[in-house]
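K.L.:
One structure follows; several queries about it will come next.
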Amino acid sequence: MKRMFYGVIVLAVFICLFSSCKKDSKPSEPVGISVASISPDAGPHSTVVKISGKNFSETVSGNEVRFNGVLAEVLNASSTELTVKVPKRAGTGKVTVAAAGKSADGPVFNFKYTVTVSTVAGNGVGLSDGKGNAAKFFRPQQMAFDKDDNLYVIDQEGRALRKVLPDGTVSTYAGAATAGFADGTGTQARFNGINDVCVDRNTNNLYIAEFPGNIFGVNAIRKITPDGNAGKAVTIAGGPDQTNDASSNMWGHEDNANIRLAKFRGPKACATDADGNLYILDYNNYCIRKMSFGATGVTTLAGHSGELNYADGMGTAAKFGSATDIISVDGNLVVADFSNYRMRRIELNGKVTTLAGDGTSADKDGTGTGAAFAKTAFAAADKEGNIYVVSGANFNTIRVISKSSTVSTVNTNDAVGYKDGNEDEARFSSIMGIAVNSKNELYVSDYGNSLIRKVVIE
């Protein structure tokens, strides 16, 4: 009996020890990290920021810190504090720390952009080719870069297309000072009023939306292909109104599998997607048209033809105001909805949402519909998906919409004038075109000063 009693005790102790060992051998769950504060919480790039929190990696390389999604350099690390340098072009947004497979969001860092504005080309008013200040422009407008960083600029009130090489050399690529309508190469081509130029990055072919601003004129889409040092212009849709009648076949809204037979009512702007499809902002139809070079031809992607209004929605359930620009961004389209004071996003299936702007005419920084625009005139996007918008009472303010939909003001003065310099000093006289090259450098057409300006934003 006594032997049995001791045997039970030994067995119980063994079970207890075995259970304890198993429990101790089970790996502990990783402890999450947290971010308590950042200091300072505002400044330009290269600002050194202290991030306080818990359970950071004690090695520099074991931590990943991002400002508004942009990777930052970690300088020093302990389990409770990181020292980091604010990256360039971060924009305002949350600070995020990741370590050991865990991540945590911290407070918002209010990023201050630094800007350097310089003059690339132009000197006085005219239509003269040359390099840098030996060239002359006459009211340059919309512009676009090709994949080789050549810049194409609409000039001479929409009658000519100028080409600016990366070194600042300017030539007349297609068209001339004289208005008209004729296909041809270089200065043999004639235009009545180019509104926008866009580039198919797959081929480096250009497309232009031509509409002189009145219903008794040209509604045309022209394709321009390289031909030596000039461009060869060919009409692919629309053309001049031979009858001087608003009801003629050159004016209206009609989708058609044969793109040559489709009708437009004011092609205002254009953009291309990765597959080479062309999207046209049909200004007086208040809708976005898609031009496919396959079986479907021209179709209406979004907007209700003939109805000036504001509504998000799918396809023709969406409504636009007097929109002025369309660009391609990260596989979607973005429209500057001018009279609705908003930036709108269009997915390629036709779904329309509001990206930023509350519909009031004011320049107010904020996120999404918490921001406001005095104008949403022209737009361009960089490689990271940041969107630059021309706004301001005088079209002299540049705003940036980050990938987190945070809207910030880049330059601080909308006053009309001319001066190169930083974000506080620079002056423009109505920016009427904007484009970004492969180096994320912003170029603008300074309409009133007849200049091409470079804006480096960091």
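For the structure tokens, the naming scheme is as follows: chains receive sequential letters (A, B, ...) according to their order of presentation, residues are indexed from 1 within each chain, and ligands are indexed from 1 in presentation order.
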As a VMD selection string, please: the residues near segment 184-189 of chain A (cut-off 10 Å, only C-alpha atoms, same-chain neighbours under 5 positions excluded).
P.N.:
chain A and resid 159 to 161 172 to 179 224 to 235
K.L.:
Please produce a file of the residues just selected, as an mmCIF file, in the first residue's frame, where the atoms kept are C-alpha atoms.
P.N.:
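And here's result10.cif as it stands now:
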data_model
loop_
_atom_site.group_PDB
_atom_site.id
_atom_site.type_symbol
_atom_site.label_atom_id
_atom_site.label_comp_id
_atom_site.auth_asym_id
_atom_site.auth_seq_id
_atom_site.Cartn_x
_atom_site.Cartn_y
_atom_site.Cartn_z
ATOM 1 C CA ARG A 159 -1.411 76.220 -83.872
ATOM 2 C CA ALA A 160 2.036 74.670 -83.399
ATOM 3 C CA LEU A 161 3.627 71.866 -81.436
ATOM 4 C CA THR A 172 8.979 73.345 -84.177
ATOM 5 C CA TYR A 173 7.821 69.733 -84.398
ATOM 6 C CA ALA A 174 4.528 70.167 -86.246
ATOM 7 C CA GLY A 175 2.371 73.088 -87.373
ATOM 8 C CA ALA A 176 3.125 76.760 -87.858
ATOM 9 C CA ALA A 177 1.873 80.190 -86.828
ATOM 10 C CA THR A 178 -0.842 80.084 -89.500
ATOM 11 C CA ALA A 179 -4.161 78.488 -88.520
ATOM 12 C CA ILE A 224 1.619 62.483 -84.733
ATOM 13 C CA THR A 225 4.383 60.002 -85.446
ATOM 14 C CA PRO A 226 8.133 60.743 -85.606
ATOM 15 C CA ASP A 227 9.386 61.490 -89.124
ATOM 16 C CA GLY A 228 13.044 62.448 -88.901
ATOM 17 C CA ASN A 229 13.313 65.576 -86.743
ATOM 18 C CA ALA A 230 9.664 66.462 -87.269
ATOM 19 C CA GLY A 231 6.264 64.937 -86.612
ATOM 20 C CA LYS A 232 3.853 63.573 -89.198
ATOM 21 C CA ALA A 233 0.250 64.543 -88.378
ATOM 22 C CA VAL A 234 -2.656 62.295 -89.453
ATOM 23 C CA THR A 235 -6.324 62.786 -88.575
#
K.L.:
Quick one: pick out all strand (DSSP E or B) residues within segment 303-397 of chain A from a backbone DSSP run and write them as a PyMOL selection string.
P.N.:
chain A and resi 308+311+313-314+319-320+325-329+332-337+342-346+351-356+361+364+366-367+372-373+379-381+387-391+397
K.L.:
Using atom CA of Glu425 of chain A and atom CA of Glu458 of chain A as the two end points, give the distance in Å to one decimal.
P.N.:
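One can read the atom CA of Glu425 of chain A to atom CA of Glu458 of chain A distance as 16.0 Å.
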K.L.:
Any idea what the distance is between atom CA of Tyr388 of chain A and atom CA of Pro212 of chain A?
P.N.:
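Those two atoms sit 25.8 Å apart.
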K.L.:
List the spatial neighbours of segment 344-357 of chain A as a list in words - criterion: any atom at most 6 Å away, only C-alpha atoms, same-chain residues fewer than 2 positions off excluded.
P.N.:
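My list of contacting residues is Leu301, Ala302, Asp312, Gly313, Met314, Gly315, Asn332, Leu333, Val334, Val335, Arg342, Gly359, Gly368, Thr369, Ala371 and Ala372 of chain A.
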K.L.:
Pick the closest to Leu451 of chain A from A:Tyr279, A:Ser79, A:Thr96, A:Gly122: which is it, counting only C-alpha atoms?
P.N.:
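For Leu451 of chain A, the nearest of the candidates is A:Gly122.
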K.L.:
From the list A:Ser292, A:Lys223, A:Ser438, A:Thr80, which residue is nearest Asn150 of chain A when using only C-alpha atoms?
P.N.:
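Nearest candidate to Asn150 of chain A out of A:Ser292, A:Lys223, A:Ser438, A:Thr80: A:Ser438.
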K.L.:
Quick one: residues within 10 Å of Val86 of chain A, only C-alpha atoms, excluding same-chain residues fewer than 6 positions away - as a list in words?
P.N.:
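Answer for this query is Ala42, Gly43, Pro44, His45, Ser46, Thr47, Val48, Val49, Val65, Arg66, Phe67, Val70, Leu71, Ala72, Glu73, Val74, Phe109 and Phe111 of chain A.
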K.L.:
Report the residues of segment 43-191 of chain A whose backbone DSSP state falls under helix (DSSP H, G or I), written as a PyMOL selection string.
P.N.:
chain A and resi 60-62+132-134+156-158+186-188
K.L.:
What does the file look like for those residues with N, CA and C atoms, as a compact mmCIF listing (two decimals), in the first residue's frame?
P.N.:
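Okay, this is what ended up in selection27.txt:
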# COMPACT_ATOMS: atom_id res chain seq x y z
N VAL A 60 20.08 49.15 -36.47
CA VAL A 60 19.57 50.10 -37.47
C VAL A 60 18.88 49.37 -38.61
N SER A 61 19.52 48.31 -39.12
CA SER A 61 18.98 47.61 -40.28
C SER A 61 17.72 46.80 -39.97
N GLY A 62 17.44 46.61 -38.69
CA GLY A 62 16.26 45.83 -38.31
C GLY A 62 14.97 46.63 -38.32
N GLY A 132 17.64 77.17 -75.27
CA GLY A 132 17.48 77.97 -74.06
C GLY A 132 16.84 79.31 -74.33
N ASN A 133 17.52 80.39 -73.94
CA ASN A 133 16.95 81.73 -74.11
C ASN A 133 17.09 82.28 -75.53
N ALA A 134 17.65 81.47 -76.46
CA ALA A 134 17.65 81.87 -77.87
C ALA A 134 16.32 81.55 -78.54
N GLN A 156 1.77 79.05 -79.75
CA GLN A 156 1.16 79.96 -80.72
C GLN A 156 -0.36 79.78 -80.73
N GLU A 157 -0.93 79.85 -79.50
CA GLU A 157 -2.38 79.72 -79.34
C GLU A 157 -2.92 78.45 -79.99
N GLY A 158 -2.17 77.36 -79.86
CA GLY A 158 -2.65 76.07 -80.30
C GLY A 158 -2.44 75.74 -81.76
N GLY A 186 5.86 68.07 -90.15
CA GLY A 186 6.52 69.30 -89.69
C GLY A 186 5.67 70.52 -89.90
N THR A 187 6.25 71.55 -90.49
CA THR A 187 5.53 72.82 -90.66
C THR A 187 4.51 72.77 -91.80
N GLN A 188 4.43 71.63 -92.51
CA GLN A 188 3.39 71.48 -93.53
C GLN A 188 2.03 71.17 -92.89
K.L.:
Of the candidates A:Ala220, A:Ile154, A:Met291, A:Ile434, which shows the shortest atom-to-atom distance to Thr272 of chain A, using only C-alpha atoms?
P.N.:
A:Met291
K.L.:
Could you pull the residues within 10 Å of Asp420 of chain A, counting only C-alpha atoms, minus those fewer than 4 positions along the same chain, as a list in words?
P.N.:
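Residues near the query, excluding close chain neighbours: Thr116, Val117, Ser118, Thr119, Glu425, Ala426, Arg427, Phe428, Arg453, Lys454 and Val455 of chain A.
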K.L.:
By how many Å are atom CA of Lys319 of chain A and atom CA of Phe264 of chain A apart?
P.N.:
17.1 Å
K.L.:
Which residue, A:Ser328, A:Ser52, A:Ser402, A:Asn110, has the smallest gap to Arg201 of chain A when you use only C-alpha atoms?
P.N.:
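Nearest candidate to Arg201 of chain A out of A:Ser328, A:Ser52, A:Ser402, A:Asn110: A:Ser328.
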K.L.:
Excluding Ala98 of chain A and its own-chain neighbours fewer than 5 positions away, which residues fall within 7 Å of it when counting only C-alpha atoms? Please give them as a ChimeraX atom specification.
P.N.:
/A:63-65,103-104
